[in-house]
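Shown next: final-v3.cif, containing mmCIF, N, CA and C atoms.
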data_coords
#
loop_
_atom_site.label_atom_id
_atom_site.label_comp_id
_atom_site.auth_asym_id
_atom_site.auth_seq_id
_atom_site.Cartn_x
_atom_site.Cartn_y
_atom_site.Cartn_z
N MET A 1 -53.69 34.27 13.49
CA MET A 1 -54.66 35.09 14.16
C MET A 1 -54.64 34.77 15.66
N VAL A 2 -54.62 35.79 16.49
CA VAL A 2 -54.60 35.62 17.95
C VAL A 2 -56.01 35.84 18.49
N LEU A 3 -56.47 34.87 19.29
CA LEU A 3 -57.79 34.97 19.90
C LEU A 3 -57.83 34.21 21.22
N PRO A 4 -58.87 34.43 22.02
CA PRO A 4 -58.96 33.73 23.30
C PRO A 4 -59.08 32.22 23.11
N LEU A 5 -58.52 31.48 24.02
CA LEU A 5 -58.55 30.02 23.97
C LEU A 5 -59.98 29.49 23.88
N SER A 6 -60.92 30.15 24.50
CA SER A 6 -62.31 29.69 24.49
C SER A 6 -62.92 29.66 23.09
N TYR A 7 -62.29 30.32 22.11
CA TYR A 7 -62.82 30.37 20.76
C TYR A 7 -62.44 29.17 19.91
N ILE A 8 -61.43 28.37 20.32
CA ILE A 8 -61.05 27.24 19.48
C ILE A 8 -62.01 26.08 19.69
N LYS A 9 -62.20 25.32 18.64
CA LYS A 9 -63.17 24.23 18.64
C LYS A 9 -62.47 22.90 18.88
N PRO A 10 -63.21 21.88 19.31
CA PRO A 10 -62.62 20.56 19.51
C PRO A 10 -61.90 20.09 18.24
N GLY A 11 -60.68 19.59 18.44
CA GLY A 11 -59.85 19.12 17.33
C GLY A 11 -58.87 20.15 16.83
N GLU A 12 -59.07 21.43 17.14
CA GLU A 12 -58.16 22.47 16.68
C GLU A 12 -56.94 22.55 17.60
N GLN A 13 -55.80 22.88 17.00
CA GLN A 13 -54.56 23.05 17.75
C GLN A 13 -54.17 24.52 17.74
N ALA A 14 -53.43 24.93 18.77
CA ALA A 14 -53.01 26.32 18.88
C ALA A 14 -51.74 26.40 19.71
N HIS A 15 -51.13 27.60 19.73
CA HIS A 15 -49.96 27.89 20.56
C HIS A 15 -50.31 29.07 21.46
N VAL A 16 -49.95 28.97 22.71
CA VAL A 16 -50.20 30.05 23.67
C VAL A 16 -49.31 31.24 23.31
N VAL A 17 -49.90 32.42 23.27
CA VAL A 17 -49.17 33.65 22.98
C VAL A 17 -48.91 34.43 24.27
N TRP A 18 -49.97 34.68 25.04
CA TRP A 18 -49.82 35.39 26.31
C TRP A 18 -51.03 35.17 27.20
N LEU A 19 -50.85 35.47 28.49
CA LEU A 19 -51.91 35.33 29.48
C LEU A 19 -52.32 36.70 29.98
N ALA A 20 -53.61 36.94 30.07
CA ALA A 20 -54.13 38.23 30.51
C ALA A 20 -54.83 38.10 31.86
N SER A 21 -54.31 37.26 32.73
CA SER A 21 -54.93 37.00 34.03
C SER A 21 -54.25 37.82 35.12
N GLU A 22 -54.94 37.91 36.26
CA GLU A 22 -54.32 38.52 37.43
C GLU A 22 -53.21 37.60 37.92
N ALA A 23 -52.32 38.12 38.72
CA ALA A 23 -51.09 37.41 39.11
C ALA A 23 -51.34 36.01 39.66
N HIS A 24 -52.27 35.86 40.59
CA HIS A 24 -52.48 34.54 41.21
C HIS A 24 -53.02 33.52 40.19
N MET A 25 -53.94 33.93 39.32
CA MET A 25 -54.48 33.02 38.32
C MET A 25 -53.46 32.77 37.22
N LYS A 26 -52.69 33.79 36.88
CA LYS A 26 -51.65 33.62 35.87
C LYS A 26 -50.66 32.55 36.30
N GLN A 27 -50.24 32.59 37.56
CA GLN A 27 -49.30 31.59 38.06
C GLN A 27 -49.92 30.19 38.04
N ARG A 28 -51.18 30.09 38.39
CA ARG A 28 -51.88 28.80 38.37
C ARG A 28 -51.93 28.23 36.95
N LEU A 29 -52.26 29.08 35.97
CA LEU A 29 -52.32 28.65 34.58
C LEU A 29 -50.94 28.24 34.07
N LEU A 30 -49.91 28.98 34.46
CA LEU A 30 -48.54 28.62 34.08
C LEU A 30 -48.17 27.26 34.67
N ASP A 31 -48.54 27.02 35.93
CA ASP A 31 -48.25 25.74 36.57
C ASP A 31 -48.95 24.58 35.87
N LEU A 32 -50.13 24.84 35.30
CA LEU A 32 -50.88 23.80 34.59
C LEU A 32 -50.34 23.55 33.18
N GLY A 33 -49.46 24.42 32.70
CA GLY A 33 -48.86 24.22 31.38
C GLY A 33 -49.26 25.22 30.33
N PHE A 34 -50.08 26.20 30.67
CA PHE A 34 -50.52 27.21 29.70
C PHE A 34 -49.50 28.34 29.64
N ALA A 35 -48.29 28.01 29.19
CA ALA A 35 -47.19 28.97 29.13
C ALA A 35 -47.02 29.43 27.68
N PRO A 36 -46.49 30.64 27.49
CA PRO A 36 -46.24 31.12 26.13
C PRO A 36 -45.40 30.11 25.34
N ASP A 37 -45.74 29.96 24.07
CA ASP A 37 -45.11 29.04 23.11
C ASP A 37 -45.48 27.58 23.32
N GLU A 38 -46.32 27.28 24.29
CA GLU A 38 -46.75 25.90 24.53
C GLU A 38 -47.85 25.53 23.51
N SER A 39 -47.76 24.33 22.96
CA SER A 39 -48.78 23.83 22.04
C SER A 39 -49.89 23.16 22.83
N LEU A 40 -51.11 23.29 22.34
CA LEU A 40 -52.24 22.64 22.98
C LEU A 40 -53.32 22.38 21.96
N SER A 41 -54.31 21.60 22.35
CA SER A 41 -55.45 21.36 21.48
C SER A 41 -56.71 21.29 22.32
N CYS A 42 -57.82 21.62 21.70
CA CYS A 42 -59.12 21.55 22.37
C CYS A 42 -59.63 20.12 22.22
N VAL A 43 -60.01 19.52 23.33
CA VAL A 43 -60.50 18.15 23.35
C VAL A 43 -62.02 18.11 23.39
N LEU A 44 -62.61 18.98 24.18
CA LEU A 44 -64.05 18.92 24.42
C LEU A 44 -64.56 20.29 24.83
N LYS A 45 -65.78 20.62 24.39
CA LYS A 45 -66.44 21.84 24.82
C LYS A 45 -67.80 21.48 25.39
N SER A 46 -68.18 22.14 26.46
CA SER A 46 -69.49 21.95 27.05
C SER A 46 -70.55 22.47 26.08
N PRO A 47 -71.66 21.75 25.95
CA PRO A 47 -72.72 22.22 25.03
C PRO A 47 -73.23 23.61 25.38
N ARG A 48 -73.22 23.96 26.64
CA ARG A 48 -73.70 25.29 27.06
C ARG A 48 -72.59 26.32 27.10
N GLY A 49 -71.35 25.91 26.81
CA GLY A 49 -70.25 26.86 26.74
C GLY A 49 -69.62 27.22 28.07
N GLY A 50 -69.92 26.52 29.14
CA GLY A 50 -69.38 26.87 30.45
C GLY A 50 -67.99 26.34 30.72
N MET A 51 -67.62 25.21 30.10
CA MET A 51 -66.33 24.58 30.34
C MET A 51 -65.73 24.10 29.04
N GLY A 52 -64.42 23.95 29.05
CA GLY A 52 -63.72 23.36 27.92
C GLY A 52 -62.60 22.50 28.46
N ALA A 53 -62.21 21.47 27.71
CA ALA A 53 -61.10 20.60 28.10
C ALA A 53 -60.02 20.73 27.04
N TYR A 54 -58.77 20.90 27.48
CA TYR A 54 -57.65 21.17 26.59
C TYR A 54 -56.51 20.22 26.90
N LEU A 55 -55.88 19.68 25.86
CA LEU A 55 -54.73 18.80 26.00
C LEU A 55 -53.48 19.66 25.95
N VAL A 56 -52.77 19.69 27.06
CA VAL A 56 -51.54 20.48 27.16
C VAL A 56 -50.52 19.67 27.95
N ARG A 57 -49.32 19.54 27.39
CA ARG A 57 -48.23 18.78 28.02
C ARG A 57 -48.65 17.36 28.39
N GLY A 58 -49.47 16.73 27.57
CA GLY A 58 -49.87 15.35 27.79
C GLY A 58 -50.97 15.14 28.81
N ALA A 59 -51.54 16.22 29.33
CA ALA A 59 -52.62 16.13 30.31
C ALA A 59 -53.84 16.89 29.79
N VAL A 60 -55.02 16.38 30.09
CA VAL A 60 -56.25 17.08 29.73
C VAL A 60 -56.66 17.94 30.92
N ILE A 61 -56.77 19.24 30.69
CA ILE A 61 -57.10 20.21 31.73
C ILE A 61 -58.43 20.86 31.39
N ALA A 62 -59.35 20.86 32.35
CA ALA A 62 -60.64 21.52 32.17
C ALA A 62 -60.56 22.94 32.71
N LEU A 63 -61.08 23.88 31.95
CA LEU A 63 -61.09 25.29 32.36
C LEU A 63 -62.48 25.87 32.21
N ARG A 64 -62.82 26.77 33.10
CA ARG A 64 -64.05 27.55 32.95
C ARG A 64 -63.85 28.52 31.78
N GLN A 65 -64.94 28.89 31.18
CA GLN A 65 -64.86 29.80 30.03
C GLN A 65 -64.19 31.12 30.40
N GLU A 66 -64.46 31.64 31.58
CA GLU A 66 -63.86 32.93 31.96
C GLU A 66 -62.34 32.84 32.08
N ASN A 67 -61.81 31.65 32.47
CA ASN A 67 -60.36 31.48 32.52
C ASN A 67 -59.79 31.28 31.12
N ALA A 68 -60.49 30.54 30.28
CA ALA A 68 -60.05 30.32 28.91
C ALA A 68 -60.05 31.64 28.13
N ASN A 69 -60.91 32.57 28.49
CA ASN A 69 -60.94 33.89 27.84
C ASN A 69 -59.71 34.71 28.16
N GLU A 70 -58.97 34.36 29.19
CA GLU A 70 -57.77 35.10 29.60
C GLU A 70 -56.49 34.53 29.00
N ILE A 71 -56.62 33.45 28.23
CA ILE A 71 -55.46 32.83 27.57
C ILE A 71 -55.58 33.12 26.09
N PHE A 72 -54.61 33.82 25.54
CA PHE A 72 -54.65 34.18 24.12
C PHE A 72 -53.74 33.24 23.34
N VAL A 73 -54.29 32.68 22.26
CA VAL A 73 -53.58 31.69 21.47
C VAL A 73 -53.54 32.10 20.01
N GLU A 74 -52.60 31.48 19.29
CA GLU A 74 -52.50 31.66 17.85
C GLU A 74 -52.77 30.33 17.19
N ILE A 75 -53.66 30.34 16.23
CA ILE A 75 -54.03 29.10 15.55
C ILE A 75 -53.08 28.89 14.37
#
If you took the structure in this file and wrote it as structure tokens, what would it be?
Amino acid sequence: MVLPLSYIKPGEQAHVVWLASEAHMKQRLLDLGFAPDESLSCVLKSPRGGMGAYLVRGAVIALRQENANEIFVEI
């Protein structure tokens, strides 16, 4: 099932399918490791839902929910 990255819960793993961001943000996300076919996992979610932390390529990256909504993953 393909859904936005912001929907996965801490401890879940997923693979990036595609990015739905504008060009400048898409390039930034690619530089951070959120590339198609890349594996990642959710490490932490903010209690209020504003931020999430994701383990990708051995680094923990924090993203705002609006940016995580632009990354589509397959669980």
Written as a ChimeraX atom specification, what is the full residue list that the PyMOL selection byres ((chain A and resi 34) around 8) yields on the file shown?
/A:16-19,26,28-33,35-39,56-57,71
Would you compute, for all listed atoms of stretch 42-56 of chain A, the axis-aligned bounding box grown by 6 Å on each side, and then report its centre and edge lengths in Å rounded to one decimal, as lines of an AutoDock Vina configuration file?
center_x = -62.1
center_y = 22.7
center_z = 26.2
size_x = 35.2
size_y = 21.1
size_z = 21.0
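Minimum atom-to-atom distances from A:Ile8, A:Ala59, A:Ala20, A:Val43 to A:Phe72 were compared using all atoms listed in the file, and the lowest value belongs to A:Ala20.
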Leaving out A:Gly50 and any residue of its chain fewer than 5 positions from it, which residues lie within 6.5 Å of it when counting only N, CA and C atoms, given as a list in words?
Leu63, Arg64, Gln65 and Glu66 of chain A
To verify the selection step, state as a VMD selection string which residues the PyMOL selection byres (((chain A and resi 69 and name CA) around 6) and name CA) yields on this input.
chain A and resid 4 to 6 66 to 68 70 to 71
Running DSSP on the backbone, which parts of chain A land in alpha helix (DSSP H), as JSON, numbers by chain?
{"A": [23, 24, 25, 26, 27, 28, 29, 30, 31, 32, 65, 66, 67, 68]}
Report as a PyMOL selection string the residues that result from applying the PyMOL selection byres ((chain A and resi 13) around 6.5) to the structure here.
chain A and resi 11-12+14-15+40-42+74-75
Interatomic distance, atom CA of A:Lys45 to atom CA of A:Ala23 (Å, one decimal)
26.1 Å
Measure the distance from atom N of A:Ile61 to atom C of A:Val2 in Å and round it to one decimal.
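So the answer is 20.6 Å.
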Quick one: pull the distance between atom C of A:Tyr7 and atom CA of A:Gly49, Å, one decimal.
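Between atom C of A:Tyr7 and atom CA of A:Gly49 the gap is 10.6 Å.
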List as an MDAnalysis selection string: which residues have an atom within 8 Å of (-62.5, 19.3, 25.0), counting only C-alpha atoms?
chainID A and resid 10 42:46 52:55 62
N, CA, C and O atoms restored at stretch 6-32 of chain A, emitted as a PDB file, keeping the file's coordinate frame:
ATOM      1  N   SER A   6     -60.920  30.150  24.500  1.00  0.00           N
ATOM      2  CA  SER A   6     -62.310  29.690  24.490  1.00  0.00           C
ATOM      3  C   SER A   6     -62.920  29.660  23.090  1.00  0.00           C
ATOM      4  O   SER A   6     -63.939  29.036  22.880  1.00  0.00           O
ATOM      5  N   TYR A   7     -62.290  30.320  22.110  1.00  0.00           N
ATOM      6  CA  TYR A   7     -62.820  30.370  20.760  1.00  0.00           C
ATOM      7  C   TYR A   7     -62.440  29.170  19.910  1.00  0.00           C
ATOM      8  O   TYR A   7     -63.031  28.964  18.861  1.00  0.00           O
ATOM      9  N   ILE A   8     -61.430  28.370  20.320  1.00  0.00           N
ATOM     10  CA  ILE A   8     -61.050  27.240  19.480  1.00  0.00           C
ATOM     11  C   ILE A   8     -62.010  26.080  19.690  1.00  0.00           C
ATOM     12  O   ILE A   8     -62.577  25.915  20.771  1.00  0.00           O
ATOM     13  N   LYS A   9     -62.200  25.320  18.640  1.00  0.00           N
ATOM     14  CA  LYS A   9     -63.170  24.230  18.640  1.00  0.00           C
ATOM     15  C   LYS A   9     -62.470  22.900  18.880  1.00  0.00           C
ATOM     16  O   LYS A   9     -61.263  22.781  18.662  1.00  0.00           O
ATOM     17  N   PRO A  10     -63.210  21.880  19.310  1.00  0.00           N
ATOM     18  CA  PRO A  10     -62.620  20.560  19.510  1.00  0.00           C
ATOM     19  C   PRO A  10     -61.900  20.090  18.240  1.00  0.00           C
ATOM     20  O   PRO A  10     -62.407  20.236  17.123  1.00  0.00           O
ATOM     21  N   GLY A  11     -60.680  19.590  18.440  1.00  0.00           N
ATOM     22  CA  GLY A  11     -59.850  19.120  17.330  1.00  0.00           C
ATOM     23  C   GLY A  11     -58.870  20.150  16.830  1.00  0.00           C
ATOM     24  O   GLY A  11     -57.907  19.811  16.146  1.00  0.00           O
ATOM     25  N   GLU A  12     -59.070  21.430  17.140  1.00  0.00           N
ATOM     26  CA  GLU A  12     -58.160  22.470  16.680  1.00  0.00           C
ATOM     27  C   GLU A  12     -56.940  22.550  17.600  1.00  0.00           C
ATOM     28  O   GLU A  12     -57.047  22.338  18.800  1.00  0.00           O
ATOM     29  N   GLN A  13     -55.800  22.880  17.000  1.00  0.00           N
ATOM     30  CA  GLN A  13     -54.560  23.050  17.750  1.00  0.00           C
ATOM     31  C   GLN A  13     -54.170  24.520  17.740  1.00  0.00           C
ATOM     32  O   GLN A  13     -54.507  25.249  16.801  1.00  0.00           O
ATOM     33  N   ALA A  14     -53.430  24.930  18.770  1.00  0.00           N
ATOM     34  CA  ALA A  14     -53.010  26.320  18.880  1.00  0.00           C
ATOM     35  C   ALA A  14     -51.740  26.400  19.710  1.00  0.00           C
ATOM     36  O   ALA A  14     -51.316  25.422  20.329  1.00  0.00           O
ATOM     37  N   HIS A  15     -51.130  27.600  19.730  1.00  0.00           N
ATOM     38  CA  HIS A  15     -49.960  27.890  20.560  1.00  0.00           C
ATOM     39  C   HIS A  15     -50.310  29.070  21.460  1.00  0.00           C
ATOM     40  O   HIS A  15     -50.893  30.056  20.995  1.00  0.00           O
ATOM     41  N   VAL A  16     -49.950  28.970  22.710  1.00  0.00           N
ATOM     42  CA  VAL A  16     -50.200  30.050  23.670  1.00  0.00           C
ATOM     43  C   VAL A  16     -49.310  31.240  23.310  1.00  0.00           C
ATOM     44  O   VAL A  16     -48.108  31.075  23.082  1.00  0.00           O
ATOM     45  N   VAL A  17     -49.900  32.420  23.270  1.00  0.00           N
ATOM     46  CA  VAL A  17     -49.170  33.650  22.980  1.00  0.00           C
ATOM     47  C   VAL A  17     -48.910  34.430  24.270  1.00  0.00           C
ATOM     48  O   VAL A  17     -47.785  34.807  24.565  1.00  0.00           O
ATOM     49  N   TRP A  18     -49.970  34.680  25.040  1.00  0.00           N
ATOM     50  CA  TRP A  18     -49.820  35.390  26.310  1.00  0.00           C
ATOM     51  C   TRP A  18     -51.030  35.170  27.200  1.00  0.00           C
ATOM     52  O   TRP A  18     -52.078  34.733  26.727  1.00  0.00           O
ATOM     53  N   LEU A  19     -50.850  35.470  28.490  1.00  0.00           N
ATOM     54  CA  LEU A  19     -51.910  35.330  29.480  1.00  0.00           C
ATOM     55  C   LEU A  19     -52.320  36.700  29.980  1.00  0.00           C
ATOM     56  O   LEU A  19     -51.469  37.520  30.315  1.00  0.00           O
ATOM     57  N   ALA A  20     -53.610  36.940  30.070  1.00  0.00           N
ATOM     58  CA  ALA A  20     -54.130  38.230  30.510  1.00  0.00           C
ATOM     59  C   ALA A  20     -54.830  38.100  31.860  1.00  0.00           C
ATOM     60  O   ALA A  20     -55.828  38.766  32.109  1.00  0.00           O
ATOM     61  N   SER A  21     -54.310  37.260  32.730  1.00  0.00           N
ATOM     62  CA  SER A  21     -54.930  37.000  34.030  1.00  0.00           C
ATOM     63  C   SER A  21     -54.250  37.820  35.120  1.00  0.00           C
ATOM     64  O   SER A  21     -53.140  38.307  34.953  1.00  0.00           O
ATOM     65  N   GLU A  22     -54.940  37.910  36.260  1.00  0.00           N
ATOM     66  CA  GLU A  22     -54.320  38.520  37.430  1.00  0.00           C
ATOM     67  C   GLU A  22     -53.210  37.600  37.920  1.00  0.00           C
ATOM     68  O   GLU A  22     -53.176  36.408  37.565  1.00  0.00           O
ATOM     69  N   ALA A  23     -52.320  38.120  38.720  1.00  0.00           N
ATOM     70  CA  ALA A  23     -51.090  37.410  39.110  1.00  0.00           C
ATOM     71  C   ALA A  23     -51.340  36.010  39.660  1.00  0.00           C
ATOM     72  O   ALA A  23     -50.663  35.058  39.259  1.00  0.00           O
ATOM     73  N   HIS A  24     -52.270  35.860  40.590  1.00  0.00           N
ATOM     74  CA  HIS A  24     -52.480  34.540  41.210  1.00  0.00           C
ATOM     75  C   HIS A  24     -53.020  33.520  40.190  1.00  0.00           C
ATOM     76  O   HIS A  24     -52.605  32.373  40.173  1.00  0.00           O
ATOM     77  N   MET A  25     -53.940  33.930  39.320  1.00  0.00           N
ATOM     78  CA  MET A  25     -54.480  33.020  38.320  1.00  0.00           C
ATOM     79  C   MET A  25     -53.460  32.770  37.220  1.00  0.00           C
ATOM     80  O   MET A  25     -53.358  31.651  36.706  1.00  0.00           O
ATOM     81  N   LYS A  26     -52.690  33.790  36.880  1.00  0.00           N
ATOM     82  CA  LYS A  26     -51.650  33.620  35.870  1.00  0.00           C
ATOM     83  C   LYS A  26     -50.660  32.550  36.300  1.00  0.00           C
ATOM     84  O   LYS A  26     -50.291  31.677  35.509  1.00  0.00           O
ATOM     85  N   GLN A  27     -50.240  32.590  37.560  1.00  0.00           N
ATOM     86  CA  GLN A  27     -49.300  31.590  38.060  1.00  0.00           C
ATOM     87  C   GLN A  27     -49.920  30.190  38.040  1.00  0.00           C
ATOM     88  O   GLN A  27     -49.267  29.222  37.680  1.00  0.00           O
ATOM     89  N   ARG A  28     -51.180  30.090  38.390  1.00  0.00           N
ATOM     90  CA  ARG A  28     -51.880  28.800  38.370  1.00  0.00           C
ATOM     91  C   ARG A  28     -51.930  28.230  36.950  1.00  0.00           C
ATOM     92  O   ARG A  28     -51.669  27.057  36.726  1.00  0.00           O
ATOM     93  N   LEU A  29     -52.260  29.080  35.970  1.00  0.00           N
ATOM     94  CA  LEU A  29     -52.320  28.650  34.580  1.00  0.00           C
ATOM     95  C   LEU A  29     -50.940  28.240  34.070  1.00  0.00           C
ATOM     96  O   LEU A  29     -50.797  27.247  33.350  1.00  0.00           O
ATOM     97  N   LEU A  30     -49.910  28.980  34.460  1.00  0.00           N
ATOM     98  CA  LEU A  30     -48.540  28.620  34.080  1.00  0.00           C
ATOM     99  C   LEU A  30     -48.170  27.260  34.670  1.00  0.00           C
ATOM    100  O   LEU A  30     -47.563  26.422  33.991  1.00  0.00           O
ATOM    101  N   ASP A  31     -48.540  27.020  35.930  1.00  0.00           N
ATOM    102  CA  ASP A  31     -48.250  25.740  36.570  1.00  0.00           C
ATOM    103  C   ASP A  31     -48.950  24.580  35.870  1.00  0.00           C
ATOM    104  O   ASP A  31     -48.445  23.460  35.850  1.00  0.00           O
ATOM    105  N   LEU A  32     -50.130  24.840  35.300  1.00  0.00           N
ATOM    106  CA  LEU A  32     -50.880  23.800  34.590  1.00  0.00           C
ATOM    107  C   LEU A  32     -50.340  23.550  33.180  1.00  0.00           C
ATOM    108  O   LEU A  32     -50.738  22.578  32.536  1.00  0.00           O
TER     109      LEU A  32
END
